[in-house]
Amino acid sequence: MTDHELPPLPYDYDALEPHISEQVLTWHHDTHHQGYVNGLNSAEETLAENRSNGEFGSSGSAIRNVTHNGCGHYLHTMFWENMSPEGGDEPSGDLADRIEEDFGSYEGWKGEFEAAAKNASGWALLVYDPVSKQLRNLVVDKHDQGALWGSHPILALDVWEHSYYYDYGPDRGDFISNFFEVVDWDDVAENYQDVASTYE
Ligand SMILES: [Fe+2]
């Protein structure tokens, strides 16, 4: 078993200013994301020790910790990749066609995604659902509550307070609007192509 490691940010800490400050990105990546990586490694160590000892008393809570910290680690990794200082604009190509097919229009998707982000106590996700073969928006509490089994996130927006409060105070809607100024639609389109080509 290999330890999980914090991936470096794909840009400088101040690269997303003025939409996300250097201070918030530094805390968010170096402290919060690192904490989920550490928590995942620690929970997996506990599970491995318990297997070798044949004592499973703490394994149930350790599995919960794997889910919480693992989802935190995976979603933050996607969130960083989903943004770019050259981001903004709107999706194009196959992804744009698919959004129109599944949500009626880009505006229909965006309005729904923003509503998900305002409602969530964790994350708003755009996912590909391989069972019904369609895109969906999900409202996720913490990192893992509200999952649709089998679905693959392709765009993640972190709406935990550590994600925006220092920059925006209680105005989460302003943060959500600014997120769209840095969305890297090329990255989202790549995620979409990877997952859709697996199932279709
Ligand atoms: Fe976060």
# chains A, B, ... in the order shown; residues from 1 in each chain; ligands from 1
>>> residues_around(residues="stretch 39-50 of chain A", least_positions_apart="3", cutoff="7 Å", atoms="only C-alpha atoms", output="list in words")
Asp3, His4, Gly35, Tyr36, Asn53, Gly54, Glu55, Phe56, Ser59, Ala62, Asn65, Val66, Asn69 and Gly70 of chain A
>>> residues_near_ligand(ligand="ligand 1", cutoff="10 Å", atoms="only C-alpha atoms and all ligand atoms", output="VMD selection string")
chain A and resid 25 27 to 29 31 to 33 36 72 to 73 75 to 77 79 122 to 123 142 to 143 157 to 164
>>> closest_residue(among="A:Cys71, A:Leu138, A:Val195, A:Met83", to="A:Asn178", atoms="only C-alpha atoms")
A:Met83
>>> atom_distance(atom1="atom CA of A:Asp12", atom2="atom CA of A:Leu125")
24.3 Å
>>> residues_around(residues="A:Asn119", least_positions_apart="4", cutoff="10 Å", atoms="only C-alpha atoms", output="list in words")
Phe113, Glu114, Ala115, Trp123, Ala124, Val139, Val140, Asp141 and Val159 of chain A
>>> decode(residues="stretch 57-68 of chain A", atoms="all heavy atoms", output="mmCIF file, in the first residue's frame")
data_model
loop_
_atom_site.group_PDB
_atom_site.id
_atom_site.type_symbol
_atom_site.label_atom_id
_atom_site.label_comp_id
_atom_site.auth_asym_id
_atom_site.auth_seq_id
_atom_site.Cartn_x
_atom_site.Cartn_y
_atom_site.Cartn_z
ATOM 1 N N GLY A 57 -11.911 -3.935 16.312
ATOM 2 C CA GLY A 57 -12.776 -3.041 17.076
ATOM 3 C C GLY A 57 -12.857 -1.629 16.510
ATOM 4 O O GLY A 57 -13.904 -0.990 16.572
ATOM 5 N N SER A 58 -11.745 -1.098 15.997
ATOM 6 C CA SER A 58 -11.751 0.277 15.499
ATOM 7 C C SER A 58 -11.883 0.339 13.970
ATOM 8 O O SER A 58 -11.768 1.419 13.382
ATOM 9 C CB SER A 58 -10.466 1.004 15.938
ATOM 10 O OG SER A 58 -9.320 0.353 15.425
ATOM 11 N N SER A 59 -12.139 -0.801 13.342
ATOM 12 C CA SER A 59 -12.150 -0.800 11.872
ATOM 13 C C SER A 59 -13.383 -0.112 11.295
ATOM 14 O O SER A 59 -13.299 0.504 10.226
ATOM 15 C CB SER A 59 -12.051 -2.230 11.335
ATOM 16 O OG SER A 59 -10.777 -2.753 11.602
ATOM 17 N N GLY A 60 -14.515 -0.208 11.984
ATOM 18 C CA GLY A 60 -15.719 0.452 11.464
ATOM 19 C C GLY A 60 -15.524 1.955 11.362
ATOM 20 O O GLY A 60 -15.786 2.569 10.323
ATOM 21 N N SER A 61 -15.021 2.560 12.454
ATOM 22 C CA SER A 61 -14.823 4.017 12.414
ATOM 23 C C SER A 61 -13.711 4.373 11.442
ATOM 24 O O SER A 61 -13.749 5.435 10.800
ATOM 25 C CB SER A 61 -14.536 4.563 13.812
ATOM 26 O OG SER A 61 -13.344 4.012 14.317
ATOM 27 N N ALA A 62 -12.717 3.500 11.297
ATOM 28 C CA ALA A 62 -11.628 3.774 10.343
ATOM 29 C C ALA A 62 -12.157 3.767 8.909
ATOM 30 O O ALA A 62 -11.731 4.578 8.080
ATOM 31 C CB ALA A 62 -10.509 2.753 10.503
ATOM 32 N N ILE A 63 -13.093 2.865 8.618
ATOM 33 C CA ILE A 63 -13.681 2.846 7.268
ATOM 34 C C ILE A 63 -14.440 4.148 7.016
ATOM 35 O O ILE A 63 -14.376 4.735 5.932
ATOM 36 C CB ILE A 63 -14.585 1.617 7.083
ATOM 37 C CG1 ILE A 63 -13.732 0.339 7.044
ATOM 38 C CG2 ILE A 63 -15.414 1.729 5.802
ATOM 39 C CD1 ILE A 63 -14.533 -0.959 7.120
ATOM 40 N N ARG A 64 -15.166 4.628 8.039
ATOM 41 C CA ARG A 64 -15.828 5.943 7.897
ATOM 42 C C ARG A 64 -14.798 7.031 7.600
ATOM 43 O O ARG A 64 -15.038 7.931 6.791
ATOM 44 C CB ARG A 64 -16.561 6.321 9.185
ATOM 45 C CG ARG A 64 -17.896 5.665 9.367
ATOM 46 C CD ARG A 64 -18.600 6.299 10.580
ATOM 47 N NE ARG A 64 -19.696 5.471 11.010
ATOM 48 C CZ ARG A 64 -20.895 5.439 10.437
ATOM 49 N NH1 ARG A 64 -21.138 6.205 9.388
ATOM 50 N NH2 ARG A 64 -21.841 4.654 10.886
ATOM 51 N N ASN A 65 -13.661 6.959 8.289
ATOM 52 C CA ASN A 65 -12.621 7.972 8.073
ATOM 53 C C ASN A 65 -12.011 7.873 6.676
ATOM 54 O O ASN A 65 -11.609 8.887 6.101
ATOM 55 C CB ASN A 65 -11.529 7.855 9.142
ATOM 56 C CG ASN A 65 -12.001 8.360 10.484
ATOM 57 O OD1 ASN A 65 -12.909 9.190 10.552
ATOM 58 N ND2 ASN A 65 -11.418 7.853 11.555
ATOM 59 N N VAL A 66 -11.930 6.654 6.143
ATOM 60 C CA VAL A 66 -11.457 6.493 4.760
ATOM 61 C C VAL A 66 -12.418 7.202 3.812
ATOM 62 O O VAL A 66 -12.002 7.942 2.906
ATOM 63 C CB VAL A 66 -11.331 5.011 4.373
ATOM 64 C CG1 VAL A 66 -11.174 4.854 2.863
ATOM 65 C CG2 VAL A 66 -10.150 4.366 5.088
ATOM 66 N N THR A 67 -13.721 6.999 4.016
ATOM 67 C CA THR A 67 -14.705 7.622 3.129
ATOM 68 C C THR A 67 -14.638 9.142 3.219
ATOM 69 O O THR A 67 -14.561 9.836 2.199
ATOM 70 C CB THR A 67 -16.124 7.147 3.498
ATOM 71 O OG1 THR A 67 -16.142 5.728 3.542
ATOM 72 C CG2 THR A 67 -17.136 7.641 2.479
ATOM 73 N N HIS A 68 -14.665 9.669 4.459
ATOM 74 C CA HIS A 68 -14.670 11.121 4.648
ATOM 75 C C HIS A 68 -13.400 11.754 4.076
ATOM 76 O O HIS A 68 -13.461 12.698 3.271
ATOM 77 C CB HIS A 68 -14.791 11.443 6.139
ATOM 78 C CG HIS A 68 -14.689 12.897 6.458
ATOM 79 N ND1 HIS A 68 -15.689 13.804 6.194
ATOM 80 C CD2 HIS A 68 -13.663 13.622 6.998
ATOM 81 C CE1 HIS A 68 -15.302 15.015 6.557
ATOM 82 N NE2 HIS A 68 -14.081 14.928 7.048
#
